[in-house]
>>> print(open('model.pdb').read())   # PDB, C-alpha atoms
ATOM      1  CA  MET R  15      10.939  28.211  29.177
ATOM      2  CA  ALA R  16       9.635  25.025  27.596
ATOM      3  CA  GLU R  17      12.200  22.843  25.800
ATOM      4  CA  LEU R  18      12.310  19.504  24.026
ATOM      5  CA  ARG R  19      14.149  16.719  25.861
ATOM      6  CA  LEU R  20      15.074  13.487  24.071
ATOM      7  CA  ASP R  21      13.675  10.106  25.104
ATOM      8  CA  PRO R  22      16.775   7.839  24.833
ATOM      9  CA  TRP R  23      14.915   4.635  23.972
ATOM     10  CA  GLY R  24      14.869   3.618  20.342
ATOM     11  CA  THR R  25      11.474   4.024  18.680
ATOM     12  CA  ASP R  26      11.203   0.265  18.018
ATOM     13  CA  TYR R  27      11.228  -0.630  21.717
ATOM     14  CA  ASP R  28       8.186   1.175  23.088
ATOM     15  CA  ALA R  29       4.977  -0.804  22.712
ATOM     16  CA  ALA R  30       3.017   2.350  23.496
ATOM     17  CA  TYR R  31       4.012   3.686  20.102
ATOM     18  CA  ALA R  32       2.793   0.664  18.154
ATOM     19  CA  VAL R  33      -0.006   1.450  15.737
ATOM     20  CA  ASP R  34      -1.680  -0.460  12.961
ATOM     21  CA  SER R  35      -0.475   0.652   9.521
ATOM     22  CA  ALA R  36      -4.078   0.909   8.401
ATOM     23  CA  ALA R  37      -6.430   3.341  10.057
ATOM     24  CA  PRO R  38      -9.252   1.591  11.915
ATOM     25  CA  GLU R  39     -12.388   1.234   9.825
ATOM     26  CA  PRO R  40     -15.651   2.457  11.358
ATOM     27  CA  VAL R  41     -18.636   0.332  12.269
ATOM     28  CA  ALA R  42     -20.701  -0.270   9.145
ATOM     29  CA  THR R  43     -23.916  -1.637   7.699
ATOM     30  CA  VAL R  44     -23.418  -4.222   4.943
ATOM     31  CA  THR R  45     -25.879  -4.741   2.071
ATOM     32  CA  VAL R  46     -25.013  -7.987   0.311
ATOM     33  CA  GLY R  47     -27.710  -8.061  -2.392
ATOM     34  CA  VAL R  48     -26.120  -5.448  -4.663
ATOM     35  CA  GLU R  49     -24.873  -7.603  -7.547
ATOM     36  CA  LEU R  50     -26.557 -10.898  -6.640
ATOM     37  CA  PRO R  51     -29.276 -11.692  -4.095
ATOM     38  CA  ALA R  52     -27.937 -13.100  -0.833
ATOM     39  CA  GLY R  53     -29.265 -16.594  -1.504
ATOM     40  CA  GLN R  54     -27.591 -16.731  -4.919
ATOM     41  CA  TRP R  55     -24.056 -15.800  -3.920
ATOM     42  CA  ARG R  56     -21.284 -17.791  -5.632
ATOM     43  CA  PRO R  57     -17.677 -17.190  -6.725
ATOM     44  CA  LEU R  58     -17.493 -14.986  -9.826
ATOM     45  CA  THR R  59     -14.813 -14.649 -12.473
ATOM     46  CA  ALA R  60     -14.401 -12.666 -15.681
ATOM     47  CA  ASP R  61     -13.740 -13.501 -19.311
ATOM     48  CA  LYS R  62     -10.410 -11.871 -20.218
ATOM     49  CA  ALA R  63     -11.459 -11.396 -23.835
ATOM     50  CA  ALA R  64     -14.540  -9.470 -22.702
ATOM     51  CA  THR R  65     -12.800  -7.483 -19.936
ATOM     52  CA  GLU R  66     -11.765  -3.965 -20.908
ATOM     53  CA  PRO R  67      -8.278  -3.121 -19.610
ATOM     54  CA  PHE R  68      -7.143   0.263 -18.301
ATOM     55  CA  GLU R  69      -4.429   1.867 -20.419
ATOM     56  CA  THR R  70      -2.938   3.595 -17.367
ATOM     57  CA  LEU R  71      -2.686   2.303 -13.811
ATOM     58  CA  VAL R  72      -1.397   4.315 -10.857
ATOM     59  CA  PHE R  73      -0.352   2.612  -7.602
ATOM     60  CA  ILE R  74      -0.129   4.957  -4.588
ATOM     61  CA  ASP R  75       1.472   4.158  -1.242
ATOM     62  CA  GLY R  76       3.099   5.888   1.692
ATOM     63  CA  SER R  77       5.716   5.165   4.323
ATOM     64  CA  ARG R  78       6.185   6.704   7.749
ATOM     65  CA  ARG R  79       8.812   6.499  10.467
ATOM     66  CA  MET R  80       9.219   7.946  13.940
ATOM     67  CA  GLU R  81      12.778   9.230  14.122
ATOM     68  CA  ALA R  82      12.882  10.196  17.798
ATOM     69  CA  ARG R  83      10.563  10.619  20.765
ATOM     70  CA  PHE R  84      10.845  13.496  23.176
ATOM     71  CA  HIS R  85       9.219  15.163  26.161
ATOM     72  CA  LEU R  86       8.255  18.811  26.244
ATOM     73  CA  GLU R  87       9.415  19.997  29.661
ATOM     74  CA  GLU R  88       9.261  23.268  31.504
ATOM     75  CA  GLY R  89      11.065  23.774  34.781
ATOM     76  CA  GLY R  90      11.833  20.043  34.866
ATOM     77  CA  ALA R  91       8.147  19.122  34.696
ATOM     78  CA  LEU R  92       6.601  17.151  31.837
ATOM     79  CA  GLN R  93       4.231  19.263  29.770
ATOM     80  CA  ALA R  94       3.562  16.940  26.808
ATOM     81  CA  TYR R  95       4.814  13.953  24.842
ATOM     82  CA  GLY R  96       6.088  14.412  21.312
ATOM     83  CA  GLY R  97       8.010  12.931  18.434
ATOM     84  CA  LEU R  98       9.897  13.755  15.266
ATOM     85  CA  GLY R  99       8.492  11.827  12.327
ATOM     86  CA  THR R 100       9.009  11.465   8.580
ATOM     87  CA  THR R 101       6.431  10.632   5.912
ATOM     88  CA  ALA R 102       6.932   9.886   2.221
ATOM     89  CA  VAL R 103       4.214   9.205  -0.338
ATOM     90  CA  GLY R 104       4.514   8.503  -4.038
ATOM     91  CA  ALA R 105       3.130   6.634  -7.004
ATOM     92  CA  VAL R 106       4.104   4.132  -9.678
ATOM     93  CA  VAL R 107       2.610   4.656 -13.142
ATOM     94  CA  VAL R 108       2.061   1.610 -15.345
ATOM     95  CA  ARG R 109       1.111   2.275 -18.981
ATOM     96  CA  ALA R 110       0.343  -0.373 -21.549
ATOM     97  CA  GLY R 111       3.447  -1.284 -23.564
ATOM     98  CA  GLN R 112       5.779   0.903 -21.462
ATOM     99  CA  PRO R 113       8.069   0.232 -18.491
ATOM    100  CA  ALA R 114       6.645   1.140 -15.099
ATOM    101  CA  SER R 115       8.010   4.378 -13.657
ATOM    102  CA  PHE R 116       7.895   6.406 -10.463
ATOM    103  CA  HIS R 117       5.694   9.486 -10.753
ATOM    104  CA  PRO R 118       7.831  12.634 -10.260
ATOM    105  CA  ASP R 119       5.453  14.009  -7.597
ATOM    106  CA  LEU R 120       7.014  12.259  -4.600
ATOM    107  CA  ARG R 121       6.133  14.049  -1.354
ATOM    108  CA  LEU R 122       8.504  13.959   1.605
ATOM    109  CA  GLY R 123       7.480  15.554   4.903
ATOM    110  CA  ARG R 124       9.168  15.895   8.273
ATOM    111  CA  TRP R 125       7.032  16.697  11.293
ATOM    112  CA  CYS R 126       7.413  17.738  14.924
ATOM    113  CA  PHE R 127       4.351  16.385  16.777
ATOM    114  CA  ILE R 128       3.578  17.741  20.255
ATOM    115  CA  GLY R 129       0.704  16.454  22.375
ATOM    116  CA  GLY R 130      -1.761  18.325  24.534
ATOM    117  CA  GLY R 131      -2.315  20.919  21.799
ATOM    118  CA  ARG R 132       1.004  22.542  22.706
ATOM    119  CA  THR R 133       2.942  24.572  20.160
ATOM    120  CA  HIS R 134       6.666  24.760  19.508
ATOM    121  CA  ALA R 135       8.938  26.260  16.899
ATOM    122  CA  GLY R 136       9.743  22.849  15.458
ATOM    123  CA  VAL R 137      13.207  21.443  14.826
ATOM    124  CA  VAL R 138      15.500  22.756  12.075
ATOM    125  CA  LEU R 139      18.885  21.236  11.256
ATOM    126  CA  GLU R 140      20.968  23.439   8.955
ATOM    127  CA  GLN R 141      23.478  22.058   6.489
ATOM    128  CA  GLN R 142      26.935  22.202   8.040
ATOM    129  CA  GLY R 143      30.175  20.237   8.159
ATOM    130  CA  SER R 144      29.643  16.637   7.074
ATOM    131  CA  TRP R 145      25.849  16.951   7.276
ATOM    132  CA  HIS R 146      24.420  17.581   3.804
ATOM    133  CA  GLY R 147      21.012  19.110   3.288
ATOM    134  CA  ARG R 148      18.761  21.192   5.502
ATOM    135  CA  LEU R 149      16.175  19.264   7.542
ATOM    136  CA  ALA R 150      13.102  21.023   8.900
ATOM    137  CA  PHE R 151      10.569  19.194  11.099
ATOM    138  CA  ASP R 152       7.444  21.344  10.888
ATOM    139  CA  PRO R 153       5.429  21.752  14.132
ATOM    140  CA  VAL R 154       2.117  19.893  14.378
ATOM    141  CA  PRO R 155       0.075  20.254  17.602
ATOM    142  CA  VAL R 156      -1.751  17.064  18.621
ATOM    143  CA  PRO R 157      -4.923  17.574  20.721
ATOM    144  CA  ALA R 158      -4.577  14.340  22.733
ATOM    145  CA  SER R 159      -1.964  14.131  25.450
ATOM    146  CA  ASP R 160      -1.181  10.388  25.601
ATOM    147  CA  PRO R 161       1.984   8.949  23.938
ATOM    148  CA  GLU R 162       0.002   6.707  21.572
ATOM    149  CA  ALA R 163      -1.624   9.778  20.030
ATOM    150  CA  ILE R 164       1.737  10.949  18.695
ATOM    151  CA  MET R 165       2.273   7.842  16.619
ATOM    152  CA  GLN R 166      -1.350   7.835  15.508
ATOM    153  CA  GLU R 167      -0.992  11.430  14.321
ATOM    154  CA  LEU R 168       2.031  10.409  12.241
ATOM    155  CA  GLN R 169      -0.107   7.668  10.698
ATOM    156  CA  ASN R 170      -2.957  10.104  10.065
ATOM    157  CA  THR R 171      -0.574  12.594   8.473
ATOM    158  CA  MET R 172       0.729   9.943   6.075
ATOM    159  CA  ARG R 173      -2.829   8.965   5.125
ATOM    160  CA  SER R 174      -3.718  12.595   4.530
ATOM    161  CA  GLU R 175      -0.663  13.039   2.303
ATOM    162  CA  GLU R 176      -1.687   9.925   0.344
ATOM    163  CA  ALA R 177      -5.213  11.274  -0.110
ATOM    164  CA  ASN R 178      -3.898  14.654  -1.307
ATOM    165  CA  LEU R 179      -1.599  12.976  -3.828
ATOM    166  CA  SER R 180      -4.367  10.698  -5.082
ATOM    167  CA  SER R 181      -6.660  13.705  -5.617
ATOM    168  CA  THR R 182      -3.943  15.482  -7.604
ATOM    169  CA  LEU R 183      -3.207  12.473  -9.787
ATOM    170  CA  ALA R 184      -6.908  11.775 -10.360
ATOM    171  CA  ALA R 185      -7.250  15.300 -11.770
ATOM    172  CA  ASP R 186      -4.087  15.012 -13.873
ATOM    173  CA  LEU R 187      -4.831  11.488 -15.171
ATOM    174  CA  PRO R 188      -8.639  11.325 -15.481
ATOM    175  CA  ASP R 189      -8.611   8.083 -17.514
ATOM    176  CA  ALA R 190      -6.307   6.181 -15.148
ATOM    177  CA  LEU R 191      -7.355   3.669 -12.527
ATOM    178  CA  ILE R 192      -5.719   4.742  -9.269
ATOM    179  CA  ILE R 193      -5.086   2.012  -6.702
ATOM    180  CA  CYS R 194      -4.518   3.245  -3.138
ATOM    181  CA  ASP R 195      -2.682   0.838  -0.857
ATOM    182  CA  GLY R 196      -5.052   0.874   2.114
ATOM    183  CA  PRO R 197      -8.706   1.711   2.782
ATOM    184  CA  LEU R 198     -10.501   4.064   0.427
ATOM    185  CA  PRO R 199      -9.915   7.686   1.515
ATOM    186  CA  ARG R 200     -13.018   9.008   3.252
ATOM    187  CA  HIS R 201     -12.713  12.466   1.685
ATOM    188  CA  ASP R 202     -12.888  13.014  -2.072
ATOM    189  CA  PRO R 203     -12.552   9.315  -3.028
ATOM    190  CA  GLY R 204     -13.553   9.956  -6.649
ATOM    191  CA  SER R 205     -12.889   6.872  -8.750
ATOM    192  CA  LEU R 206     -10.043   5.641  -6.524
ATOM    193  CA  LEU R 207      -9.737   1.930  -5.792
ATOM    194  CA  GLY R 208      -8.995   1.036  -2.173
ATOM    195  CA  TYR R 209      -6.770  -2.032  -1.769
ATOM    196  CA  ILE R 210      -6.784  -3.712   1.661
ATOM    197  CA  LYS R 211      -4.201  -6.470   2.137
ATOM    198  CA  THR R 212      -5.142  -7.703   5.597
ATOM    199  CA  SER R 213      -8.120  -9.828   6.588
ATOM    200  CA  SER R 214      -8.220  -8.643  10.230
ATOM    201  CA  LEU R 215     -11.624  -7.096   9.560
ATOM    202  CA  GLN R 216     -14.283  -8.904   7.543
ATOM    203  CA  ARG R 217     -17.547  -7.280   6.557
ATOM    204  CA  LEU R 218     -19.077 -10.622   5.526
ATOM    205  CA  SER R 219     -20.531 -13.376   7.672
ATOM    206  CA  GLY R 220     -22.481 -16.612   7.322
ATOM    207  CA  ASP R 221     -22.961 -18.017   3.817
ATOM    208  CA  GLU R 222     -21.422 -14.940   2.189
ATOM    209  CA  LEU R 223     -18.203 -15.390   4.161
ATOM    210  CA  GLU R 224     -18.109 -19.052   3.120
ATOM    211  CA  VAL R 225     -18.215 -17.919  -0.509
ATOM    212  CA  ALA R 226     -15.171 -15.712   0.179
ATOM    213  CA  ARG R 227     -13.364 -18.639   1.798
ATOM    214  CA  SER R 228     -14.063 -20.884  -1.211
ATOM    215  CA  LEU R 229     -12.625 -18.515  -3.842
ATOM    216  CA  GLN R 230     -10.031 -19.809  -6.282
ATOM    217  CA  GLN R 231      -7.308 -17.742  -7.955
ATOM    218  CA  GLY R 232      -8.830 -14.955 -10.050
ATOM    219  CA  GLU R 233     -12.284 -15.331  -8.506
ATOM    220  CA  ARG R 234     -14.176 -12.755  -6.486
ATOM    221  CA  THR R 235     -17.274 -12.465  -4.373
ATOM    222  CA  PRO R 236     -20.294 -10.580  -5.682
ATOM    223  CA  ILE R 237     -20.115  -6.852  -5.024
ATOM    224  CA  TYR R 238     -21.689  -5.650  -1.761
ATOM    225  CA  LYS R 239     -22.203  -2.213  -0.247
ATOM    226  CA  VAL R 240     -20.725  -0.942   3.008
ATOM    227  CA  THR R 241     -22.344   2.107   4.621
ATOM    228  CA  THR R 242     -20.674   4.007   7.446
ATOM    229  CA  PRO R 243     -21.681   7.314   9.080
ATOM    230  CA  GLY R 244     -21.454   9.889   6.295
ATOM    231  CA  ALA R 245     -19.922   7.623   3.644
ATOM    232  CA  ALA R 246     -20.458   4.463   1.625
ATOM    233  CA  HIS R 247     -18.486   2.267  -0.742
ATOM    234  CA  PHE R 248     -18.859  -0.825  -2.884
ATOM    235  CA  GLU R 249     -16.608  -3.712  -1.903
ATOM    236  CA  TRP R 250     -15.680  -7.243  -2.967
ATOM    237  CA  VAL R 251     -13.195  -9.923  -1.955
ATOM    238  CA  LEU R 252     -10.700 -11.199  -4.548
ATOM    239  CA  ARG R 253      -8.412 -14.242  -4.386
ATOM    240  CA  LEU R 254      -5.065 -13.305  -5.908
ATOM    241  CA  ARG R 255      -3.538 -16.755  -5.744
ATOM    242  CA  ASP R 256      -4.485 -20.207  -4.513
ATOM    243  CA  PRO R 257      -2.902 -20.702  -1.069
ATOM    244  CA  SER R 258      -1.096 -23.795   0.136
ATOM    245  CA  PRO R 259      -3.583 -26.155   1.817
ATOM    246  CA  TRP R 260      -2.083 -25.580   5.276
ATOM    247  CA  TYR R 261      -2.714 -21.803   5.147
ATOM    248  CA  TYR R 262      -5.804 -20.235   6.684
ATOM    249  CA  SER R 263      -8.878 -20.094   4.472
ATOM    250  CA  LEU R 264      -8.662 -16.391   3.521
ATOM    251  CA  ALA R 265      -4.944 -16.439   2.683
ATOM    252  CA  GLY R 266      -4.206 -14.724  -0.597
ATOM    253  CA  THR R 267      -7.386 -12.626  -0.576
ATOM    254  CA  VAL R 268      -7.765  -8.838  -0.624
ATOM    255  CA  ARG R 269     -10.710  -6.484  -0.195
ATOM    256  CA  LEU R 270     -11.248  -3.885  -2.928
ATOM    257  CA  GLN R 271     -13.305  -0.723  -2.504
ATOM    258  CA  LEU R 272     -14.893   1.908  -4.764
ATOM    259  CA  ALA R 273     -16.976   4.894  -3.666
ATOM    260  CA  ALA R 274     -20.752   4.511  -3.557
ATOM    261  CA  PRO R 275     -23.641   6.955  -3.069
ATOM    262  CA  LEU R 276     -25.228   7.043   0.366
ATOM    263  CA  SER R 277     -28.699   6.638  -1.090
ATOM    264  CA  ASP R 278     -29.871   3.392  -2.668
ATOM    265  CA  ALA R 279     -28.824   3.187  -6.298
ATOM    266  CA  GLU R 280     -28.171   0.632  -9.008
ATOM    267  CA  LEU R 281     -24.715  -0.840  -9.379
ATOM    268  CA  PRO R 282     -22.776   1.482 -11.728
ATOM    269  CA  ASP R 283     -21.231  -0.053 -14.838
ATOM    270  CA  PHE R 284     -17.830   1.353 -13.834
ATOM    271  CA  VAL R 285     -17.843  -0.602 -10.554
ATOM    272  CA  LYS R 286     -18.681  -3.829 -12.377
ATOM    273  CA  ARG R 287     -15.940  -3.096 -14.916
ATOM    274  CA  VAL R 288     -13.305  -2.580 -12.192
ATOM    275  CA  ALA R 289     -14.412  -5.716 -10.332
ATOM    276  CA  ASP R 290     -14.081  -7.825 -13.481
ATOM    277  CA  TRP R 291     -10.769  -6.146 -14.288
ATOM    278  CA  SER R 292      -9.458  -7.087 -10.844
ATOM    279  CA  CYS R 293     -10.174 -10.776 -11.511
ATOM    280  CA  THR R 294      -8.401 -10.728 -14.857
ATOM    281  CA  TYR R 295      -5.410  -8.413 -14.408
ATOM    282  CA  LEU R 296      -4.654  -7.727 -10.732
ATOM    283  CA  PRO R 297      -3.237 -11.201  -9.885
ATOM    284  CA  ALA R 298      -0.442 -10.562 -12.419
ATOM    285  CA  PHE R 299       0.856  -7.754 -10.165
ATOM    286  CA  SER R 300       0.948  -9.930  -7.024
ATOM    287  CA  SER R 301       4.253 -10.917  -5.447
ATOM    288  CA  GLN R 302       5.762 -14.333  -4.805
ATOM    289  CA  ALA R 303       6.903 -15.536  -1.370
ATOM    290  CA  HIS R 304      10.593 -15.152  -2.281
ATOM    291  CA  GLN R 305       9.971 -11.510  -3.225
ATOM    292  CA  ASP R 306       8.054 -10.293  -0.183
ATOM    293  CA  PRO R 307       6.911 -11.869   3.114
ATOM    294  CA  ARG R 308       3.463 -10.344   2.544
ATOM    295  CA  ALA R 309       2.970 -12.249  -0.705
ATOM    296  CA  PRO R 310       0.758 -12.443  -2.620
ATOM    297  CA  GLN R 311      -1.136  -9.422  -1.242
ATOM    298  CA  GLN R 312       1.871  -7.129  -1.583
ATOM    299  CA  LEU R 313       1.757  -5.887  -5.176
ATOM    300  CA  LEU R 314       5.072  -5.633  -7.020
ATOM    301  CA  PRO R 315       4.713  -1.940  -8.006
ATOM    302  CA  VAL R 316       3.956  -1.072  -4.367
ATOM    303  CA  ARG R 317       6.932  -3.113  -3.179
ATOM    304  CA  ALA R 318       9.235  -1.167  -5.505
ATOM    305  CA  LEU R 319       7.661   2.097  -4.369
ATOM    306  CA  GLU R 320       8.184   1.273  -0.689
ATOM    307  CA  THR R 321      11.888   0.713  -1.335
ATOM    308  CA  GLU R 322      12.202   4.055  -3.116
ATOM    309  CA  LEU R 323      10.267   5.910  -0.417
ATOM    310  CA  LYS R 324      12.498   4.538   2.331
ATOM    311  CA  ARG R 325      15.581   5.544   0.329
ATOM    312  CA  ARG R 326      14.241   9.087   0.009
ATOM    313  CA  MET R 327      13.520   9.219   3.741
ATOM    314  CA  GLY R 328      17.192   8.621   4.485
ATOM    315  CA  ASN R 329      19.054   6.189   6.704
ATOM    316  CA  ASN R 330      17.259   6.131  10.045
ATOM    317  CA  LEU R 331      20.412   5.558  12.112
ATOM    318  CA  LEU R 332      22.298   8.453  10.498
ATOM    319  CA  LEU R 333      19.268  10.693  10.749
ATOM    320  CA  ARG R 334      18.790   9.960  14.449
ATOM    321  CA  ARG R 335      22.494  10.577  15.086
ATOM    322  CA  ARG R 336      22.205  13.959  13.403
ATOM    323  CA  ILE R 337      19.078  14.849  15.385
ATOM    324  CA  VAL R 338      20.767  13.984  18.674
ATOM    325  CA  ARG R 339      24.102  15.704  17.950
ATOM    326  CA  GLU R 340      22.912  18.773  16.097
ATOM    327  CA  TYR R 341      19.782  19.552  18.154
ATOM    328  CA  PHE R 342      19.390  17.831  21.500
ATOM    329  CA  ALA R 343      23.106  17.700  22.454
ATOM    330  CA  ARG R 344      23.450  21.406  21.706
TER     331      ARG R 344
END
>>> encode(input="model.pdb", output="structure tokens")
Amino acid sequence: MAELRLDPWGTDYDAAYAVDSAAPEPVATVTVGVELPAGQWRPLTADKAATEPFETLVFIDGSRRMEARFHLEEGGALQAYGGLGTTAVGAVVVRAGQPASFHPDLRLGRWCFIGGGRTHAGVVLEQQGSWHGRLAFDPVPVPASDPEAIMQELQNTMRSEEANLSSTLAADLPDALIICDGPLPRHDPGSLLGYIKTSSLQRLSGDELEVARSLQQGERTPIYKVTTPGAAHFEWVLRLRDPSPWYYSLAGTVRLQLAAPLSDAELPDFVKRVADWSCTYLPAFSSQAHQDPRAPQQLLPVRALETELKRRMGNNLLLRRRIVREYFAR
């Protein structure tokens, strides 16, 4: 009979389970002459008086954590790698003239990932004694059999939960601008705005990249188009804050994305409106160095949301202790 056997190492100590928090972006074709011809590229800004604000903004983010790793064994032989993971996704709603608030639709999921496409009943911890609340880790078979695939599936699950929440909120709040912390979802992106904090991948090169490097606070590059197999989006680089002179040249910049048609088309007015809005209003949401080590790219509403999501996920040390004592030790 197959059974789950705990891997005693803490989840922070296995390099095989490291995974980038952002899903890898596919190889793409870049068209730079969307807003301005390539030879006329220059930093752009927006006139605040002429920039139309959005009355409602929604910031979406997710958090994920591997609570424990295990092996699926049968007769003492390893059948598959697995892990128990938790995801939490939520949103902060910012309305003009009102305090920001957490959206009530906060989604918490607990998952039992098993590699090699194997199935299992999952792990259920009933409320008993000093343990409050019932915890159910729902089974999720993972086709790949290597250990890294388990952590990647947890990441993919979180991204899928974020995309589902963004689709729901887009339908409920049709006039809101929804900012997703991470690349634009590849399915049903609608009018969502992808917000990419890291500069590990740059779509620009040559003179266009030099324009991005020269940006000042509140300036952006012209809008360009990125086409990948089966999808396309408009994109631009924005400087949130002027960096200290000893920082690297793209410090303080983010990439912003909106969906685009696959076929050639004129630049929609909505895309231009959002790009100008980002120059005028988005820097006000950026964090300071004393608030977050990822400043200024870490936005303050997202920072507050991350804290709330981790609180809802529960204390990782207590949760692991409960998993070990109430499931594996028994």
>>> closest_atom_pairs(input="model.pdb", of="segment 257-319 of chain R", to="segment 50-72 of chain R", cutoff="12 Å", atoms="only C-alpha atoms", output="JSON lines")
{"residue": "R:Glu280", "atom": "CA", "partner": "R:Leu50", "partner_atom": "CA", "distance": 11.9}
{"residue": "R:Leu281", "atom": "CA", "partner": "R:Leu50", "partner_atom": "CA", "distance": 10.6}
{"residue": "R:Asp283", "atom": "CA", "partner": "R:Glu66", "partner_atom": "CA", "distance": 11.9}
{"residue": "R:Phe284", "atom": "CA", "partner": "R:Glu66", "partner_atom": "CA", "distance": 10.7}
{"residue": "R:Lys286", "atom": "CA", "partner": "R:Thr65", "partner_atom": "CA", "distance": 10.3}
{"residue": "R:Arg287", "atom": "CA", "partner": "R:Glu66", "partner_atom": "CA", "distance": 7.4}
{"residue": "R:Val288", "atom": "CA", "partner": "R:Glu66", "partner_atom": "CA", "distance": 9.0}
{"residue": "R:Ala289", "atom": "CA", "partner": "R:Ala60", "partner_atom": "CA", "distance": 8.8}
{"residue": "R:Asp290", "atom": "CA", "partner": "R:Ala60", "partner_atom": "CA", "distance": 5.3}
{"residue": "R:Trp291", "atom": "CA", "partner": "R:Thr65", "partner_atom": "CA", "distance": 6.1}
{"residue": "R:Ser292", "atom": "CA", "partner": "R:Ala60", "partner_atom": "CA", "distance": 8.9}
{"residue": "R:Cys293", "atom": "CA", "partner": "R:Thr59", "partner_atom": "CA", "distance": 6.1}
{"residue": "R:Thr294", "atom": "CA", "partner": "R:Lys62", "partner_atom": "CA", "distance": 5.8}
{"residue": "R:Tyr295", "atom": "CA", "partner": "R:Pro67", "partner_atom": "CA", "distance": 8.0}
{"residue": "R:Leu296", "atom": "CA", "partner": "R:Pro67", "partner_atom": "CA", "distance": 10.6}
{"residue": "R:Phe299", "atom": "CA", "partner": "R:Leu71", "partner_atom": "CA", "distance": 11.3}
{"residue": "R:Pro315", "atom": "CA", "partner": "R:Val72", "partner_atom": "CA", "distance": 9.2}
{"residue": "R:Val316", "atom": "CA", "partner": "R:Val72", "partner_atom": "CA", "distance": 10.0}
{"residue": "R:Leu319", "atom": "CA", "partner": "R:Val72", "partner_atom": "CA", "distance": 11.4}
>>> residues_around(input="model.pdb", residues="segment 320-329 of chain R", least_positions_apart="2", cutoff="10 Å", atoms="all atoms listed in the file", output="ChimeraX atom specification")
/R:74-79,100-105,116,120-124,314-318,331-334
>>> write_last_selection(input="model.pdb", atoms="C-alpha atoms", output="tab-separated table (two decimals), keeping the file's coordinate frame")
chain	number	residue	atom	x	y	z
R	74	ILE	CA	-0.13	4.96	-4.59
R	75	ASP	CA	1.47	4.16	-1.24
R	76	GLY	CA	3.10	5.89	1.69
R	77	SER	CA	5.72	5.16	4.32
R	78	ARG	CA	6.18	6.70	7.75
R	79	ARG	CA	8.81	6.50	10.47
R	100	THR	CA	9.01	11.46	8.58
R	101	THR	CA	6.43	10.63	5.91
R	102	ALA	CA	6.93	9.89	2.22
R	103	VAL	CA	4.21	9.20	-0.34
R	104	GLY	CA	4.51	8.50	-4.04
R	105	ALA	CA	3.13	6.63	-7.00
R	116	PHE	CA	7.90	6.41	-10.46
R	120	LEU	CA	7.01	12.26	-4.60
R	121	ARG	CA	6.13	14.05	-1.35
R	122	LEU	CA	8.50	13.96	1.60
R	123	GLY	CA	7.48	15.55	4.90
R	124	ARG	CA	9.17	15.90	8.27
R	314	LEU	CA	5.07	-5.63	-7.02
R	315	PRO	CA	4.71	-1.94	-8.01
R	316	VAL	CA	3.96	-1.07	-4.37
R	317	ARG	CA	6.93	-3.11	-3.18
R	318	ALA	CA	9.24	-1.17	-5.50
R	331	LEU	CA	20.41	5.56	12.11
R	332	LEU	CA	22.30	8.45	10.50
R	333	LEU	CA	19.27	10.69	10.75
R	334	ARG	CA	18.79	9.96	14.45
>>> closest_residue(input="model.pdb", among="R:Arg109, R:Arg335, R:Arg19, R:His146", to="Gly96 of chain R", atoms="only C-alpha atoms")
R:Arg19
>>> closest_residue(input="model.pdb", among="R:His117, R:Arg217, R:Arg308, R:His247", to="Leu276 of chain R", atoms="all atoms listed in the file")
R:His247
>>> atom_distance(input="model.pdb", atom1="atom CA of Arg132 of chain R", atom2="atom CA of Asn330 of chain R")
26.3 Å
>>> residues_around(input="model.pdb", residues="His85 of chain R", least_positions_apart="3", cutoff="7 Å", atoms="all atoms listed in the file", output="number ranges by chain")
R: 18-21, 92, 94-96
>>> resolve_selection(input="model.pdb", expression="the PyMOL selection byres ((chain R and resi 89) around 10)", output="list in words")
Met15, Ala16, Glu17, Glu87, Glu88, Gly90, Ala91, Leu92 and Gln93 of chain R
>>> write_last_selection(input="model.pdb", atoms="C-alpha atoms", output="CSV table (one decimal), in the coordinates of the input")
chain,number,residue,atom,x,y,z
R,15,MET,CA,10.9,28.2,29.2
R,16,ALA,CA,9.6,25.0,27.6
R,17,GLU,CA,12.2,22.8,25.8
R,87,GLU,CA,9.4,20.0,29.7
R,88,GLU,CA,9.3,23.3,31.5
R,90,GLY,CA,11.8,20.0,34.9
R,91,ALA,CA,8.1,19.1,34.7
R,92,LEU,CA,6.6,17.2,31.8
R,93,GLN,CA,4.2,19.3,29.8
>>> closest_residue(input="model.pdb", among="R:Met80, R:Leu264, R:Phe73, R:Asp256", to="Ala184 of chain R", atoms="all atoms listed in the file")
R:Phe73
>>> closest_residue(input="model.pdb", among="R:Gly244, R:Pro307, R:Pro259, R:Pro236", to="Thr45 of chain R", atoms="all atoms listed in the file")
R:Pro236
>>> decode(input="model.pdb", residues="segment 205-209 of chain R", atoms="N, CA and C atoms", output="short mmCIF file (atom, residue, chain, number, x, y, z; two decimals), in the first residue's frame")
data_model
loop_
_atom_site.label_atom_id
_atom_site.label_comp_id
_atom_site.auth_asym_id
_atom_site.auth_seq_id
_atom_site.Cartn_x
_atom_site.Cartn_y
_atom_site.Cartn_z
N SER R 205 -8.99 43.58 -19.57
CA SER R 205 -8.34 44.88 -19.44
C SER R 205 -7.40 44.92 -18.23
N LEU R 206 -6.86 43.78 -17.84
CA LEU R 206 -5.96 43.70 -16.69
C LEU R 206 -4.62 44.33 -17.04
N LEU R 207 -3.99 44.92 -16.04
CA LEU R 207 -2.66 45.52 -16.19
C LEU R 207 -1.65 44.63 -15.49
N GLY R 208 -0.71 44.06 -16.26
CA GLY R 208 0.36 43.28 -15.66
C GLY R 208 1.45 44.20 -15.14
N TYR R 209 1.97 43.88 -13.94
CA TYR R 209 2.96 44.73 -13.28
C TYR R 209 4.16 43.87 -12.91
#
